[in-house]
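Visitor: If you scroll down you'll find the structure; I have some questions about it.
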Amino acid sequence: MSNRTKLLKELKKNTGSFISGETLSNMLGISRSAVSKHIAVLKESGYIIDSTPKVGYRLSKTTNLMLPDEIREGLKTRVLGQADIIHYPLIDSTNNQAKTLAINGAPEGTLVVAEAQSAGRGRKGRTWFSATDDGICLSLILRPSIPPGEISQITLMTAVAAAEALLEATDIDVTIKWPNDLLINGKKLAGILTEMSMEMDAIDYIIIGLGMNVNTDISVFNGEIQDIATSLYIESSIQHSRVDIIQLFLQQFEKYYLEVQTHGFSSIIKRWKKLSNILGQYVTVDVSGKKIRGFVDDIGEDGVLILKDDEKKIHRILSGDVLL
Ligand code: BTN
């Protein structure tokens with residue numbers, strides 16, 4: 001544990017009360033000026049700490065921000081989130097930032113989180129709205145040794161991990177709409193954007209981008225967005241800890257990520273089917289502007305949507321948008 005993390009722990013133990021610089025310096029075995037430098041870094045990263053000469057330092061309240069030390073504290077993973085966690089109050093897109101880091105050699109498990117994004121991206125060139133700091137915007141760098149063709153299963157796996165993390169954190173029933181939208185009562189709660197870079201037919205890196213509306217108030221969704229989007233707060237009238245959700249997501253994700261690299265995706269697909277709201281439903285699928293209607297027969301082991309149309313013809317759809 002770094003000295004800064006130890007210092008933060010001491011401040012947290014004494015939240016709301018002052019602790020002197022001398023006590024902190026003795027406890028950690030570092031100089032008073034080193035304590036003051038660590039305090040400055042903590043303040044800079046978003047912690048609210050009062051400093052009073054001759055009295056000491058006081059953490060005024062526990063932060064609600066998704067700060068790296070908060071995510072790391074109690075995180076039960078081996079790799080994910082154990083390398084760098086980079087936090088931004090505002091960034092264009094965490095996926096863009098993660099991509100830059102990955103190109104520059106950032107290791108597997110590097111996590112980028114932002115309180116808000118100015119140019120959040122969704123699937124198929126869409127915009128992901130995340131202008132206010134009440135949701136989760138995160139991107140994870142992975143370097144798996146799987147064939148590039150299995151990236152769509154990784155996306156399904158992400159949806160399963162996120163849905164199960166939410167179930168554990170909130171007890172709210174979340175369903176998955178193929179391929180990777182998380183819904184509550186038919187409205188979109190979260191989306192996943194997976195991007196990949198290959199070198200010589202092998203995956204160089206994958207970026208998993210997850211966007212989730214957590215404590216978003218209904219007034220933030222203007223116009224027709226109110227009819228199609230929701231948040232955990234809107235559904236439960238409870239403010240949820242974004243850090244808890246991120247930790248549960250990373251833990252669940254890592255468990256499945258290790259499993260699929262040795263045992264394949266069959267158990268993930270089973271879990272996906274359990275959480276899905278479209279199996280057996282009559283749906284329309286928009287495949288690059290072409291509409292195909294039919295009953296959802298199954299999801300293939302490779303993540304494809306298997307649709308039986310009105311003429312009983314079977315369509316295996318790799319990418320598209322399901323309209324319920
Ligand atoms: C979708 O439903 O179309 C996918 C939305 C993905 C949004 C997330 S927010 C964090 C990450 N950064 C981005 O720019 N996009 C993803």
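Here's how to read the names in the structure tokens: chain A, B, ... by the order shown, residue numbers from 1 in each chain, ligand numbers from 1 in the order shown.
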As a quick test: using only C-alpha atoms and all ligand atoms, which residues lie no more than 9 Å away from ligand 1? Give them as JSON, numbers by chain.

Guide: {"A": [92, 93, 94, 95, 96, 97, 98, 112, 113, 114, 116, 117, 118, 119, 120, 121, 122, 123, 124, 125, 126, 127, 128, 129, 130, 136, 137, 138, 139, 180, 181, 182, 188, 190, 191, 192, 193, 194, 207, 208, 209, 210, 211, 212]}

Visitor: With only C-alpha atoms counted and 12 Å as the cut-off, give the residues of region 161-229 of chain A in contact with region 295-312 of chain A, each with its shortest interatomic distance in Å and the pair that gives it, as CSV.

Guide:
```
residue,atom,partner,partner_atom,distance
A:Lys177,CA,A:Leu305,CA,10.9
A:Trp178,CA,A:Leu305,CA,7.6
A:Pro179,CA,A:Gly303,CA,8.0
A:Asn180,CA,A:Gly303,CA,10.6
```

Visitor: Taking into account only C-alpha atoms, which residue in the set A:Lys76, A:His87, A:Arg271, A:Arg143 is nearest to Tyr256 (chain A)?

Guide: A:Arg271

Visitor: Extract the full set of helix (DSSP H, G or I) residues from region 53-128 of chain A according to DSSP on the backbone, and format it as a count of residues only.

Guide: 18

Visitor: Using only C-alpha atoms, determine which residues lie at most 12 Å from Ser267 (chain A), disregarding the query and same-chain residues fewer than 3 positions distant; provide the list as a PyMOL selection string.

Guide: chain A and resi 153+156-157+160+256-257+259-260+262-264+270-274+301

Visitor: Considering only C-alpha atoms, return as a PDB file with all heavy atoms, in the first residue's frame whatever protein or nucleic-acid residues lie within 8 Å of Asp244 (chain A), sequence-local ones (same chain, fewer than 4 positions apart) excluded.

Guide:
```pdb
ATOM      1  N   ILE A  71     -12.084   3.046  -5.865  1.00  0.00           N
ATOM      2  CA  ILE A  71     -12.362   1.825  -6.651  1.00  0.00           C
ATOM      3  C   ILE A  71     -11.449   0.700  -6.183  1.00  0.00           C
ATOM      4  O   ILE A  71     -11.868  -0.453  -6.038  1.00  0.00           O
ATOM      5  CB  ILE A  71     -12.183   2.100  -8.165  1.00  0.00           C
ATOM      6  CG1 ILE A  71     -13.241   3.116  -8.625  1.00  0.00           C
ATOM      7  CG2 ILE A  71     -12.295   0.808  -8.974  1.00  0.00           C
ATOM      8  CD1 ILE A  71     -13.093   3.574 -10.066  1.00  0.00           C
ATOM      9  N   ALA A 169     -25.942  -5.442  -6.606  1.00  0.00           N
ATOM     10  CA  ALA A 169     -25.827  -4.128  -5.948  1.00  0.00           C
ATOM     11  C   ALA A 169     -27.182  -3.529  -5.611  1.00  0.00           C
ATOM     12  O   ALA A 169     -27.312  -2.798  -4.639  1.00  0.00           O
ATOM     13  CB  ALA A 169     -25.052  -3.165  -6.840  1.00  0.00           C
ATOM     14  N   LEU A 248     -18.212  -4.413  -8.318  1.00  0.00           N
ATOM     15  CA  LEU A 248     -18.923  -5.678  -8.572  1.00  0.00           C
ATOM     16  C   LEU A 248     -18.821  -6.065 -10.043  1.00  0.00           C
ATOM     17  O   LEU A 248     -18.650  -7.243 -10.383  1.00  0.00           O
ATOM     18  CB  LEU A 248     -20.398  -5.549  -8.169  1.00  0.00           C
ATOM     19  CG  LEU A 248     -20.645  -5.512  -6.663  1.00  0.00           C
ATOM     20  CD1 LEU A 248     -22.063  -5.047  -6.358  1.00  0.00           C
ATOM     21  CD2 LEU A 248     -20.401  -6.886  -6.053  1.00  0.00           C
TER      22      LEU A 248
END
```

Visitor: Between A:Gln239, A:Thr15, A:Asn3, A:Thr158, single out the one closest to Asp50 (chain A), counting only C-alpha atoms.

Guide: A:Thr15

Visitor: In Å, rounded to a single decimal, give me how far CA of Ile141 (chain A) is from CA of Ala102 (chain A).

Guide: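 So the answer is 6.8 Å.
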
Visitor: For a test of reading the model, state the distance in Å between CA of Val174 (chain A) and CA of Ile246 (chain A), rounded to one decimal.

Guide: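 Between CA of Val174 (chain A) and CA of Ile246 (chain A) the gap works out to 16.0 Å.
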
Visitor: CA of Asn104 (chain A) to CA of Ile151 (chain A): how many Å, to one decimal?

Guide: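 Atom-to-atom, CA of Asn104 (chain A) to CA of Ile151 (chain A), that is 21.7 Å.
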
Visitor: For each of A:Ile30, A:Leu11, A:Ala165, A:Val79, take the minimum atom-to-atom distance to Gly56 (chain A), counting only C-alpha atoms, then give the residue where this is smallest.

Guide: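 Checking each candidate against Gly56 (chain A), we get A:Leu11 as the closest.
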
Visitor: Please provide the set of residues having any atom within 9 Å of region 31-36 of chain A, restricted to only C-alpha atoms, with same-chain residues fewer than 6 positions apart removed, written as a PyMOL selection string.

Guide: chain A and resi 3-4+7+21-22+24-25

Visitor: Take the residues from that selection and put them in a file with N, CA, C and O atoms, as a CSV table (one decimal), in the first residue's frame.

Guide:
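Generated output (result-v3.csv):
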```csv
chain,number,residue,atom,x,y,z
A,3,ASN,N,2.2,5.2,0.5
A,3,ASN,CA,2.0,6.1,1.6
A,3,ASN,C,0.7,7.0,1.5
A,3,ASN,O,0.1,7.3,2.4
A,4,ARG,N,0.4,7.3,0.2
A,4,ARG,CA,-0.8,8.2,0.0
A,4,ARG,C,-2.0,7.4,0.3
A,4,ARG,O,-2.9,7.9,1.0
A,7,LEU,N,-2.3,7.2,4.1
A,7,LEU,CA,-2.7,8.5,4.6
A,7,LEU,C,-4.2,8.7,4.4
A,7,LEU,O,-4.9,9.1,5.4
A,21,GLY,N,-0.8,17.0,11.5
A,21,GLY,CA,0.2,16.6,10.5
A,21,GLY,C,1.3,15.8,11.2
A,21,GLY,O,1.9,14.9,10.6
A,22,GLU,N,1.6,16.2,12.4
A,22,GLU,CA,2.6,15.4,13.2
A,22,GLU,C,2.2,14.0,13.4
A,22,GLU,O,3.0,13.1,13.2
A,24,LEU,N,0.2,12.2,11.6
A,24,LEU,CA,0.2,11.5,10.3
A,24,LEU,C,1.7,11.2,9.9
A,24,LEU,O,2.0,10.1,9.5
A,25,SER,N,2.5,12.2,10.2
A,25,SER,CA,3.9,12.0,9.8
A,25,SER,C,4.6,10.9,10.6
A,25,SER,O,5.3,10.0,10.1
```

Visitor: For Asp69 (chain A), which residue out of A:Thr230, A:Thr132, A:Ser219, A:Gln247 is the nearest one, using only C-alpha atoms?

Guide: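 When distances to Asp69 (chain A) are compared using only C-alpha atoms, the smallest one comes from A:Gln247.
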